[in-house]
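Undergrad: Dropping in work_5.cif, with mmCIF, C-alpha atoms.
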```cif
data_run
loop_
_atom_site.group_PDB
_atom_site.id
_atom_site.type_symbol
_atom_site.label_atom_id
_atom_site.label_comp_id
_atom_site.auth_asym_id
_atom_site.auth_seq_id
_atom_site.Cartn_x
_atom_site.Cartn_y
_atom_site.Cartn_z
ATOM 1 C CA MET V 30 -30.762 -24.962 34.630
ATOM 2 C CA GLY V 31 -29.538 -21.880 32.784
ATOM 3 C CA ASP V 32 -29.390 -21.811 28.995
ATOM 4 C CA PRO V 33 -30.357 -25.294 27.743
ATOM 5 C CA ALA V 34 -27.694 -25.078 25.012
ATOM 6 C CA GLY V 35 -24.910 -24.301 27.485
ATOM 7 C CA ILE V 36 -23.085 -26.516 29.966
ATOM 8 C CA GLY V 37 -25.643 -25.962 32.736
ATOM 9 C CA PRO V 38 -27.575 -29.202 32.072
ATOM 10 C CA GLU V 39 -24.347 -31.238 31.917
ATOM 11 C CA ILE V 40 -22.817 -29.925 35.131
ATOM 12 C CA ILE V 41 -26.129 -30.305 36.997
ATOM 13 C CA ALA V 42 -26.311 -33.937 35.898
ATOM 14 C CA LYS V 43 -22.669 -34.525 36.853
ATOM 15 C CA ALA V 44 -23.284 -32.885 40.230
ATOM 16 C CA TRP V 45 -26.151 -35.308 40.855
ATOM 17 C CA ALA V 46 -23.939 -38.239 39.790
ATOM 18 C CA ARG V 47 -21.384 -37.173 42.437
ATOM 19 C CA ARG V 48 -24.001 -36.340 45.067
ATOM 20 C CA SER V 49 -22.812 -38.909 47.617
ATOM 21 C CA GLU V 50 -19.073 -38.275 47.436
ATOM 22 C CA ALA V 51 -19.685 -34.496 47.395
ATOM 23 C CA GLY V 52 -22.127 -34.661 50.313
ATOM 24 C CA LEU V 53 -24.810 -32.678 48.493
ATOM 25 C CA THR V 54 -28.204 -31.933 49.982
ATOM 26 C CA PRO V 55 -31.135 -33.053 47.785
ATOM 27 C CA PHE V 56 -31.838 -30.670 44.919
ATOM 28 C CA PHE V 57 -33.894 -30.531 41.745
ATOM 29 C CA ALA V 58 -33.470 -28.823 38.381
ATOM 30 C CA THR V 59 -35.917 -26.472 36.686
ATOM 31 C CA GLY V 60 -35.981 -26.151 32.915
ATOM 32 C CA ASP V 61 -36.469 -28.432 29.915
ATOM 33 C CA ALA V 62 -35.603 -32.038 30.812
ATOM 34 C CA ARG V 63 -34.647 -32.684 27.180
ATOM 35 C CA ALA V 64 -31.608 -30.445 27.692
ATOM 36 C CA ILE V 65 -30.259 -32.961 30.188
ATOM 37 C CA ALA V 66 -31.169 -35.944 28.008
ATOM 38 C CA ALA V 67 -29.215 -34.327 25.158
ATOM 39 C CA VAL V 68 -25.943 -34.475 27.104
ATOM 40 C CA TRP V 69 -26.390 -37.276 29.672
ATOM 41 C CA ASP V 70 -27.814 -40.783 29.680
ATOM 42 C CA GLY V 71 -28.364 -41.065 33.433
ATOM 43 C CA PRO V 72 -31.707 -41.441 35.238
ATOM 44 C CA VAL V 73 -34.076 -38.452 35.287
ATOM 45 C CA SER V 74 -37.385 -38.250 37.140
ATOM 46 C CA ALA V 75 -40.030 -35.682 36.213
ATOM 47 C CA ILE V 76 -41.570 -34.006 39.261
ATOM 48 C CA THR V 77 -44.508 -31.647 39.590
ATOM 49 C CA HIS V 78 -43.742 -30.173 43.017
ATOM 50 C CA PRO V 79 -40.543 -29.533 44.993
ATOM 51 C CA GLU V 80 -41.704 -31.940 47.724
ATOM 52 C CA ASP V 81 -41.306 -34.790 45.227
ATOM 53 C CA ALA V 82 -37.572 -34.135 44.817
ATOM 54 C CA ARG V 83 -36.458 -35.725 48.082
ATOM 55 C CA ARG V 84 -38.468 -38.874 47.378
ATOM 56 C CA VAL V 85 -36.711 -39.615 44.063
ATOM 57 C CA PHE V 86 -33.332 -37.954 44.645
ATOM 58 C CA ASP V 87 -31.444 -41.113 45.629
ATOM 59 C CA THR V 88 -32.278 -42.878 42.364
ATOM 60 C CA ALA V 89 -32.759 -40.143 39.754
ATOM 61 C CA LEU V 90 -32.139 -36.472 39.067
ATOM 62 C CA PRO V 91 -35.444 -34.680 39.750
ATOM 63 C CA VAL V 92 -36.455 -32.179 37.049
ATOM 64 C CA LEU V 93 -39.359 -29.753 37.211
ATOM 65 C CA THR V 94 -40.095 -28.917 33.574
ATOM 66 C CA VAL V 95 -41.397 -25.394 33.041
ATOM 67 C CA GLU V 96 -41.047 -24.573 29.348
ATOM 68 C CA ASP V 97 -40.406 -26.180 25.994
ATOM 69 C CA GLY V 98 -36.999 -24.897 24.960
ATOM 70 C CA GLY V 99 -37.621 -25.569 21.272
ATOM 71 C CA GLU V 100 -34.998 -27.520 19.342
ATOM 72 C CA ILE V 101 -32.124 -28.009 21.775
ATOM 73 C CA VAL V 102 -28.687 -28.277 20.188
ATOM 74 C CA PRO V 103 -25.841 -28.141 22.712
ATOM 75 C CA GLY V 104 -23.530 -25.289 21.809
ATOM 76 C CA SER V 105 -26.103 -23.512 19.613
ATOM 77 C CA PRO V 106 -28.086 -20.996 21.684
ATOM 78 C CA ASP V 107 -31.285 -19.388 20.410
ATOM 79 C CA VAL V 108 -34.108 -17.212 21.689
ATOM 80 C CA GLU V 109 -36.356 -20.189 22.491
ATOM 81 C CA GLY V 110 -33.682 -21.500 24.813
ATOM 82 C CA ALA V 111 -33.377 -18.043 26.378
ATOM 83 C CA ARG V 112 -37.133 -17.990 27.047
ATOM 84 C CA CYS V 113 -36.846 -21.396 28.682
ATOM 85 C CA ALA V 114 -33.952 -20.201 30.847
ATOM 86 C CA LEU V 115 -35.852 -17.094 31.951
ATOM 87 C CA ARG V 116 -39.045 -19.017 32.784
ATOM 88 C CA ALA V 117 -37.009 -21.534 34.767
ATOM 89 C CA LEU V 118 -35.316 -18.711 36.663
ATOM 90 C CA GLU V 119 -38.660 -17.035 37.390
ATOM 91 C CA LEU V 120 -40.160 -20.250 38.731
ATOM 92 C CA ALA V 121 -37.123 -21.206 40.794
ATOM 93 C CA ALA V 122 -36.845 -17.734 42.338
ATOM 94 C CA GLY V 123 -40.523 -17.856 43.214
ATOM 95 C CA LEU V 124 -40.204 -21.280 44.822
ATOM 96 C CA ALA V 125 -37.292 -20.104 46.946
ATOM 97 C CA ARG V 126 -39.087 -16.884 47.884
ATOM 98 C CA SER V 127 -42.215 -18.802 48.948
ATOM 99 C CA GLY V 128 -40.236 -21.297 51.007
ATOM 100 C CA ALA V 129 -41.117 -24.268 48.788
ATOM 101 C CA ALA V 130 -37.365 -24.559 48.154
ATOM 102 C CA ARG V 131 -34.688 -23.576 50.663
ATOM 103 C CA ALA V 132 -32.185 -22.081 48.228
ATOM 104 C CA LEU V 133 -31.704 -21.087 44.599
ATOM 105 C CA VAL V 134 -28.717 -22.117 42.479
ATOM 106 C CA THR V 135 -28.661 -20.490 39.049
ATOM 107 C CA GLY V 136 -27.007 -22.084 36.041
ATOM 108 C CA PRO V 137 -25.127 -19.964 33.476
ATOM 109 C CA VAL V 138 -27.167 -17.983 30.945
ATOM 110 C CA SER V 139 -26.426 -16.090 27.743
ATOM 111 C CA LYS V 140 -27.211 -12.421 28.352
ATOM 112 C CA ALA V 141 -26.887 -11.778 24.615
ATOM 113 C CA GLN V 142 -29.789 -14.174 24.000
ATOM 114 C CA LEU V 143 -31.790 -12.882 26.971
ATOM 115 C CA TYR V 144 -31.497 -9.310 25.729
ATOM 116 C CA GLN V 145 -33.131 -10.422 22.474
ATOM 117 C CA ILE V 146 -36.286 -11.409 24.370
ATOM 118 C CA GLY V 147 -36.527 -8.164 26.326
ATOM 119 C CA PHE V 148 -34.448 -8.957 29.413
ATOM 120 C CA THR V 149 -33.325 -5.577 30.771
ATOM 121 C CA TYR V 150 -31.243 -6.501 33.816
ATOM 122 C CA PRO V 151 -27.417 -6.465 33.970
ATOM 123 C CA GLY V 152 -27.548 -10.100 35.089
ATOM 124 C CA GLN V 153 -29.413 -12.747 37.046
ATOM 125 C CA THR V 154 -28.370 -11.151 40.355
ATOM 126 C CA GLU V 155 -30.352 -7.977 39.677
ATOM 127 C CA PHE V 156 -33.335 -9.954 38.376
ATOM 128 C CA VAL V 157 -33.489 -12.133 41.490
ATOM 129 C CA ALA V 158 -33.045 -9.098 43.748
ATOM 130 C CA GLU V 159 -36.032 -7.372 42.167
ATOM 131 C CA ARG V 160 -38.150 -10.513 42.467
ATOM 132 C CA CYS V 161 -37.271 -10.506 46.163
ATOM 133 C CA GLY V 162 -38.189 -6.834 46.556
ATOM 134 C CA ILE V 163 -34.600 -5.754 47.207
ATOM 135 C CA ALA V 164 -33.016 -2.606 45.745
ATOM 136 C CA GLY V 165 -30.090 -3.360 43.491
ATOM 137 C CA GLU V 166 -27.567 -1.453 45.604
ATOM 138 C CA ASN V 167 -28.489 -3.606 48.612
ATOM 139 C CA ALA V 168 -27.778 -6.871 46.778
ATOM 140 C CA VAL V 169 -24.088 -7.748 46.912
ATOM 141 C CA MET V 170 -22.345 -10.144 44.547
ATOM 142 C CA MET V 171 -19.691 -12.121 46.390
ATOM 143 C CA LEU V 172 -17.338 -14.594 44.743
ATOM 144 C CA ALA V 173 -16.104 -17.268 47.105
ATOM 145 C CA GLY V 174 -13.449 -19.958 47.098
ATOM 146 C CA PRO V 175 -12.075 -22.150 49.896
ATOM 147 C CA ASP V 176 -10.032 -19.350 51.511
ATOM 148 C CA LEU V 177 -10.902 -16.195 49.589
ATOM 149 C CA ARG V 178 -14.109 -14.173 49.323
ATOM 150 C CA VAL V 179 -14.253 -11.041 47.188
ATOM 151 C CA VAL V 180 -16.937 -8.428 46.534
ATOM 152 C CA PRO V 181 -16.766 -6.166 43.459
ATOM 153 C CA ILE V 182 -18.258 -2.830 44.543
ATOM 154 C CA THR V 183 -18.974 -1.996 40.894
ATOM 155 C CA THR V 184 -19.614 -4.792 38.435
ATOM 156 C CA HIS V 185 -20.340 -4.720 34.703
ATOM 157 C CA VAL V 186 -19.453 -1.127 33.886
ATOM 158 C CA PRO V 187 -16.639 0.431 31.819
ATOM 159 C CA LEU V 188 -13.441 0.861 33.802
ATOM 160 C CA ALA V 189 -13.426 4.556 32.898
ATOM 161 C CA SER V 190 -16.737 4.971 34.768
ATOM 162 C CA VAL V 191 -15.682 3.355 38.045
ATOM 163 C CA SER V 192 -14.205 6.389 39.788
ATOM 164 C CA GLY V 193 -17.362 8.420 39.229
ATOM 165 C CA LEU V 194 -19.536 5.610 40.582
ATOM 166 C CA LEU V 195 -17.637 5.173 43.838
ATOM 167 C CA SER V 196 -19.210 7.041 46.741
ATOM 168 C CA ILE V 197 -19.065 6.872 50.510
ATOM 169 C CA GLU V 198 -22.730 5.857 50.577
ATOM 170 C CA LEU V 199 -22.215 3.008 48.094
ATOM 171 C CA LEU V 200 -19.173 1.628 49.914
ATOM 172 C CA VAL V 201 -20.935 1.798 53.279
ATOM 173 C CA ALA V 202 -24.009 0.007 51.866
ATOM 174 C CA LYS V 203 -21.846 -2.739 50.336
ATOM 175 C CA GLY V 204 -19.829 -3.052 53.556
ATOM 176 C CA ARG V 205 -22.943 -3.425 55.698
ATOM 177 C CA ALA V 206 -24.472 -6.010 53.366
ATOM 178 C CA THR V 207 -21.196 -7.937 53.199
ATOM 179 C CA ALA V 208 -20.802 -8.056 56.980
ATOM 180 C CA ARG V 209 -24.388 -9.183 57.481
ATOM 181 C CA GLY V 210 -24.093 -11.737 54.678
ATOM 182 C CA LEU V 211 -20.977 -13.243 56.224
ATOM 183 C CA MET V 212 -22.890 -13.688 59.481
ATOM 184 C CA ARG V 213 -26.080 -15.071 57.927
ATOM 185 C CA ASN V 214 -24.643 -17.323 55.222
ATOM 186 C CA PHE V 215 -21.226 -18.303 56.561
ATOM 187 C CA GLY V 216 -21.762 -18.247 60.325
ATOM 188 C CA ILE V 217 -18.941 -15.740 60.931
ATOM 189 C CA LEU V 218 -19.936 -13.980 64.146
ATOM 190 C CA VAL V 219 -17.542 -11.011 63.852
ATOM 191 C CA PRO V 220 -16.745 -10.568 60.154
ATOM 192 C CA ARG V 221 -13.557 -8.809 59.071
ATOM 193 C CA ILE V 222 -13.874 -6.871 55.816
ATOM 194 C CA ALA V 223 -10.933 -5.259 54.005
ATOM 195 C CA PHE V 224 -11.192 -2.591 51.306
ATOM 196 C CA ALA V 225 -8.846 -2.494 48.333
ATOM 197 C CA GLY V 226 -7.613 0.870 47.094
ATOM 198 C CA PHE V 227 -8.663 2.134 43.688
ATOM 199 C CA ASN V 228 -5.304 3.440 42.526
ATOM 200 C CA PRO V 229 -1.903 1.712 42.379
ATOM 201 C CA HIS V 230 -0.330 1.546 45.851
ATOM 202 C CA ALA V 231 -3.666 2.784 47.258
ATOM 203 C CA GLY V 232 -2.978 6.227 45.858
ATOM 204 C CA GLU V 233 0.381 6.872 47.569
ATOM 205 C CA SER V 234 -1.226 9.283 50.087
ATOM 206 C CA GLY V 235 -2.867 11.221 47.279
ATOM 207 C CA ALA V 236 0.145 11.429 44.987
ATOM 208 C CA ILE V 237 -1.498 9.264 42.303
ATOM 209 C CA GLY V 238 -5.183 9.634 43.090
ATOM 210 C CA ARG V 239 -7.541 10.796 45.820
ATOM 211 C CA GLU V 240 -10.278 8.147 45.752
ATOM 212 C CA GLU V 241 -8.721 6.477 48.796
ATOM 213 C CA ILE V 242 -8.671 9.745 50.775
ATOM 214 C CA ASP V 243 -11.983 11.196 49.640
ATOM 215 C CA VAL V 244 -14.161 8.071 49.417
ATOM 216 C CA ILE V 245 -12.734 4.794 50.707
ATOM 217 C CA ALA V 246 -11.170 5.913 54.003
ATOM 218 C CA PRO V 247 -14.292 7.845 55.104
ATOM 219 C CA ALA V 248 -16.469 4.823 54.297
ATOM 220 C CA VAL V 249 -14.190 2.566 56.353
ATOM 221 C CA ALA V 250 -14.350 5.042 59.236
ATOM 222 C CA GLN V 251 -18.159 5.121 59.127
ATOM 223 C CA LEU V 252 -18.389 1.340 59.109
ATOM 224 C CA ARG V 253 -16.023 1.106 62.061
ATOM 225 C CA ALA V 254 -18.133 3.668 63.917
ATOM 226 C CA GLU V 255 -21.089 1.330 63.381
ATOM 227 C CA GLY V 256 -19.197 -1.534 65.002
ATOM 228 C CA ILE V 257 -18.148 -3.335 61.811
ATOM 229 C CA ASP V 258 -14.547 -4.588 61.667
ATOM 230 C CA ALA V 259 -13.595 -2.764 58.456
ATOM 231 C CA SER V 260 -10.055 -1.904 57.384
ATOM 232 C CA GLY V 261 -8.202 -0.318 54.486
ATOM 233 C CA PRO V 262 -7.797 0.930 51.910
ATOM 234 C CA PHE V 263 -4.928 -1.403 51.054
ATOM 235 C CA ALA V 264 -2.800 -1.671 47.935
ATOM 236 C CA ALA V 265 -4.607 -4.295 45.866
ATOM 237 C CA ASP V 266 -1.413 -5.932 44.641
ATOM 238 C CA THR V 267 -0.525 -7.064 48.178
ATOM 239 C CA MET V 268 -3.966 -8.216 49.367
ATOM 240 C CA PHE V 269 -4.237 -11.698 47.920
ATOM 241 C CA HIS V 270 -1.149 -13.682 48.936
ATOM 242 C CA PRO V 271 -1.773 -16.358 51.607
ATOM 243 C CA ARG V 272 -0.676 -14.321 54.648
ATOM 244 C CA ALA V 273 -2.813 -11.366 53.610
ATOM 245 C CA ARG V 274 -5.873 -13.551 52.939
ATOM 246 C CA ALA V 275 -5.681 -14.821 56.514
ATOM 247 C CA THR V 276 -6.303 -11.317 57.889
ATOM 248 C CA TYR V 277 -9.828 -10.772 56.524
ATOM 249 C CA ASP V 278 -13.039 -12.681 55.764
ATOM 250 C CA ALA V 279 -13.913 -10.748 52.612
ATOM 251 C CA ALA V 280 -12.136 -8.243 50.387
ATOM 252 C CA LEU V 281 -14.196 -5.434 48.891
ATOM 253 C CA CYS V 282 -12.734 -4.339 45.571
ATOM 254 C CA CYS V 283 -13.476 -1.230 43.550
ATOM 255 C CA TYR V 284 -14.096 -2.856 40.180
ATOM 256 C CA HIS V 285 -14.908 -6.181 38.555
ATOM 257 C CA ASP V 286 -11.467 -7.440 37.536
ATOM 258 C CA GLN V 287 -9.797 -6.283 40.739
ATOM 259 C CA ALA V 288 -12.002 -8.817 42.545
ATOM 260 C CA LEU V 289 -12.385 -11.584 39.995
ATOM 261 C CA VAL V 290 -8.829 -11.939 38.731
ATOM 262 C CA PRO V 291 -7.422 -13.234 42.052
ATOM 263 C CA LEU V 292 -10.497 -15.386 42.740
ATOM 264 C CA LYS V 293 -10.485 -17.037 39.319
ATOM 265 C CA THR V 294 -6.718 -17.439 39.331
ATOM 266 C CA LEU V 295 -6.908 -19.411 42.556
ATOM 267 C CA TYR V 296 -10.275 -21.158 42.148
ATOM 268 C CA PHE V 297 -11.238 -21.200 38.492
ATOM 269 C CA ASP V 298 -12.904 -24.621 38.679
ATOM 270 C CA ASP V 299 -14.692 -24.265 42.015
ATOM 271 C CA GLY V 300 -15.465 -20.580 42.545
ATOM 272 C CA VAL V 301 -18.993 -19.733 43.661
ATOM 273 C CA ASN V 302 -21.044 -16.581 43.148
ATOM 274 C CA ILE V 303 -23.285 -15.955 46.184
ATOM 275 C CA THR V 304 -25.658 -13.004 46.409
ATOM 276 C CA LEU V 305 -25.738 -11.321 49.815
ATOM 277 C CA GLY V 306 -28.521 -9.068 51.065
ATOM 278 C CA LEU V 307 -31.418 -11.216 49.821
ATOM 279 C CA PRO V 308 -34.183 -12.828 51.883
ATOM 280 C CA ILE V 309 -33.290 -16.107 50.128
ATOM 281 C CA VAL V 310 -30.049 -18.018 49.586
ATOM 282 C CA ARG V 311 -28.824 -17.689 46.015
ATOM 283 C CA THR V 312 -25.598 -19.084 44.572
ATOM 284 C CA SER V 313 -24.246 -19.905 41.131
ATOM 285 C CA PRO V 314 -21.092 -21.370 39.620
ATOM 286 C CA ASP V 315 -18.606 -18.631 38.798
ATOM 287 C CA HIS V 316 -18.353 -19.309 35.065
ATOM 288 C CA GLY V 317 -20.343 -18.856 31.884
ATOM 289 C CA THR V 318 -22.276 -21.002 29.446
ATOM 290 C CA ALA V 319 -19.147 -22.347 27.668
ATOM 291 C CA PHE V 320 -21.071 -23.010 24.453
ATOM 292 C CA ASN V 321 -17.805 -24.074 22.800
ATOM 293 C CA ILE V 322 -17.648 -27.257 24.918
ATOM 294 C CA ALA V 323 -21.368 -27.883 25.477
ATOM 295 C CA GLY V 324 -22.397 -31.416 24.562
ATOM 296 C CA LYS V 325 -18.830 -32.724 24.490
ATOM 297 C CA ASN V 326 -18.882 -34.285 27.982
ATOM 298 C CA VAL V 327 -15.816 -32.336 29.086
ATOM 299 C CA ALA V 328 -17.412 -29.672 31.313
ATOM 300 C CA GLU V 329 -15.983 -29.678 34.842
ATOM 301 C CA PRO V 330 -18.802 -29.695 37.454
ATOM 302 C CA GLY V 331 -16.656 -28.527 40.393
ATOM 303 C CA ALA V 332 -18.101 -25.016 40.531
ATOM 304 C CA MET V 333 -21.692 -26.279 40.321
ATOM 305 C CA ILE V 334 -21.007 -28.819 43.067
ATOM 306 C CA ALA V 335 -19.467 -26.071 45.201
ATOM 307 C CA ALA V 336 -22.446 -23.776 44.517
ATOM 308 C CA ILE V 337 -24.958 -26.444 45.550
ATOM 309 C CA ARG V 338 -22.920 -27.320 48.639
ATOM 310 C CA MET V 339 -22.595 -23.655 49.665
ATOM 311 C CA ALA V 340 -26.320 -23.052 49.110
ATOM 312 C CA GLY V 341 -27.216 -26.051 51.262
ATOM 313 C CA ALA V 342 -24.865 -25.007 54.057
ATOM 314 C CA ALA V 343 -26.123 -21.402 54.032
ATOM 315 C CA ALA V 344 -29.762 -22.534 54.055
ATOM 316 C CA GLU V 345 -29.043 -24.823 57.006
ATOM 317 C CA ARG V 346 -27.357 -22.022 58.957
ATOM 318 C CA ARG V 347 -30.309 -19.736 58.347
ATOM 319 C CA ALA V 348 -32.784 -22.434 59.383
ATOM 320 C CA VAL V 349 -30.908 -23.129 62.614
ATOM 321 C CA ALA V 350 -30.744 -19.410 63.372
ATOM 322 C CA GLY V 351 -34.403 -18.942 62.514
ATOM 323 C CA ASP V 352 -33.364 -16.447 59.837
ATOM 324 C CA SER V 353 -35.526 -16.267 56.706
#
```
Let me see the structure of the file written as structure tokens.
TA:
Amino acid sequence: MGDPAGIGPEIIAKAWARRSEAGLTPFFATGDARAIAAVWDGPVSAITHPEDARRVFDTALPVLTVEDGGEIVPGSPDVEGARCALRALELAAGLARSGAARALVTGPVSKAQLYQIGFTYPGQTEFVAERCGIAGENAVMMLAGPDLRVVPITTHVPLASVSGLLSIELLVAKGRATARGLMRNFGILVPRIAFAGFNPHAGESGAIGREEIDVIAPAVAQLRAEGIDASGPFAADTMFHPRARATYDAALCCYHDQALVPLKTLYFDDGVNITLGLPIVRTSPDHGTAFNIAGKNVAEPGAMIAAIRMAGAAAERRAVAGDS
């Protein structure tokens, strides 16, 4: 459910209300059911096991309560709410890992509040990866919209640190995980991945930077030698118009904003964060807690609906392929 004081409870409830028109597979929420009651007057059904969700899903939103979130005031986060969000995440990740649930969709959390209770991970992605026994560098954050998928090779680090973090080994690992994730989660048999350059104009053949020559091009060559359809590096400012987007299945970008600016510009209300490289399916809406509008009944559920839909589709593809 994410932070109970954020918009997570509201957009989950709105997603359930639109379940039929959106074609959503049955799902249930984990967290404090009072967080939903605080922002929505629709039907809620308490469940004690994931198997109960399908039975009640047509008539009520199933909620598996895991922790008392204290006094819940939409828009006013506190450490009790953060503890509730973390316990809900722990339980949901465990259910997905055990196979009791087929996918995990994470609501938005407040990292500032989580850090106050001892949370030491950069984000939920790294936490879930560890719970799945996966090294952080092998878990890839992909942001996806209807016709654009982007992967930030580095994420929440200062821009001044990016060049020093880029390495052939890192780019190859991210490229491999991206290609495999496109096959497993999206059913793309021969994925095409394109690398953005780090410098303006992809370095102008070394005139304004050598990262493309020394790091990105060798990584692309290694991936191609392994049979992966990798290309680049390309000038980032020409990679995201419609004709360019049609030439690849995912764009790997050197830093956070290089990837997220085009994705959020095009698909702010329905972008999905999907983690590749995990033994489970994990998605989340590509936005934050929006405490400033929590409890005002104005939160747009499009990204949560898209995240649930993508999780269901990926889980189905894996089940058909016999892929855990």
Undergrad: Care to translate the PyMOL selection byres ((chain V and resi 230) around 9) into actual residues of this file, as JSON, numbers by chain?
TA: {"V": [226, 227, 228, 229, 231, 232, 233, 234, 237, 263, 264, 265, 266, 267]}
Undergrad: Nearest to Ala208 (chain V): which of V:Pro187, V:Gly174, V:Gly306, V:Pro271 is it, counting all atoms listed in the file?
TA: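 Using all atoms listed in the file, the shortest distance to Ala208 (chain V) belongs to V:Gly306.
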Undergrad: On this structure, which residues satisfy the PyMOL selection byres ((chain V and resi 83) around 12), written as number ranges by chain?
TA: V: 54-57, 74, 76, 78-82, 84-92, 130
Undergrad: Tell me which of V:Val244, V:Ala34, V:Ala66, V:Ala279 sits closest to Pro220 (chain V), counting all atoms listed in the file.
TA: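 The closest residue to Pro220 (chain V) is V:Ala279.
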Undergrad: At most 12 Å is the cut-off: for each residue in region 35-77 of chain V with any atom that close to an atom of region 103-111 of chain V, write down the nearest atom pair and the distance in Å rounded to one decimal, counting only C-alpha atoms, chain first then increasing number, as a tab-separated table.
TA:
```
residue	atom	partner	partner_atom	distance
V:Gly35	CA	V:Gly104	CA	5.9
V:Ile36	CA	V:Pro103	CA	7.9
V:Gly37	CA	V:Pro103	CA	10.3
V:Pro38	CA	V:Pro103	CA	9.6
V:Glu39	CA	V:Pro103	CA	9.8
V:Gly60	CA	V:Gly110	CA	9.6
V:Asp61	CA	V:Gly110	CA	9.0
V:Arg63	CA	V:Pro103	CA	10.9
V:Ala64	CA	V:Pro103	CA	8.0
V:Ile65	CA	V:Pro103	CA	9.9
V:Ala66	CA	V:Pro103	CA	10.8
V:Ala67	CA	V:Pro103	CA	7.5
V:Val68	CA	V:Pro103	CA	7.7
V:Trp69	CA	V:Pro103	CA	11.5
```
Undergrad: If I put a ball of radius 10 Å at (-30.0, -22.4, 44.5) in the file's coordinates, which residues poke into it when counting all atoms listed in the file, written as number ranges by chain?
TA: V: 56-58, 121-122, 125, 130-136, 303, 309-313, 336-341, 344
Undergrad: So which residues get picked by the PyMOL selection byres ((chain V and resi 167) around 12) here, written as a ChimeraX atom specification?
TA: /V:154-155,158-159,161-166,168-170,182,198-207,209-210,304-308
Undergrad: Have a look at CA of Phe224 (chain V) and CA of Gln251 (chain V) and let me know their distance in Å, one decimal.
TA: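 Separation between CA of Phe224 (chain V) and CA of Gln251 (chain V): 13.0 Å.
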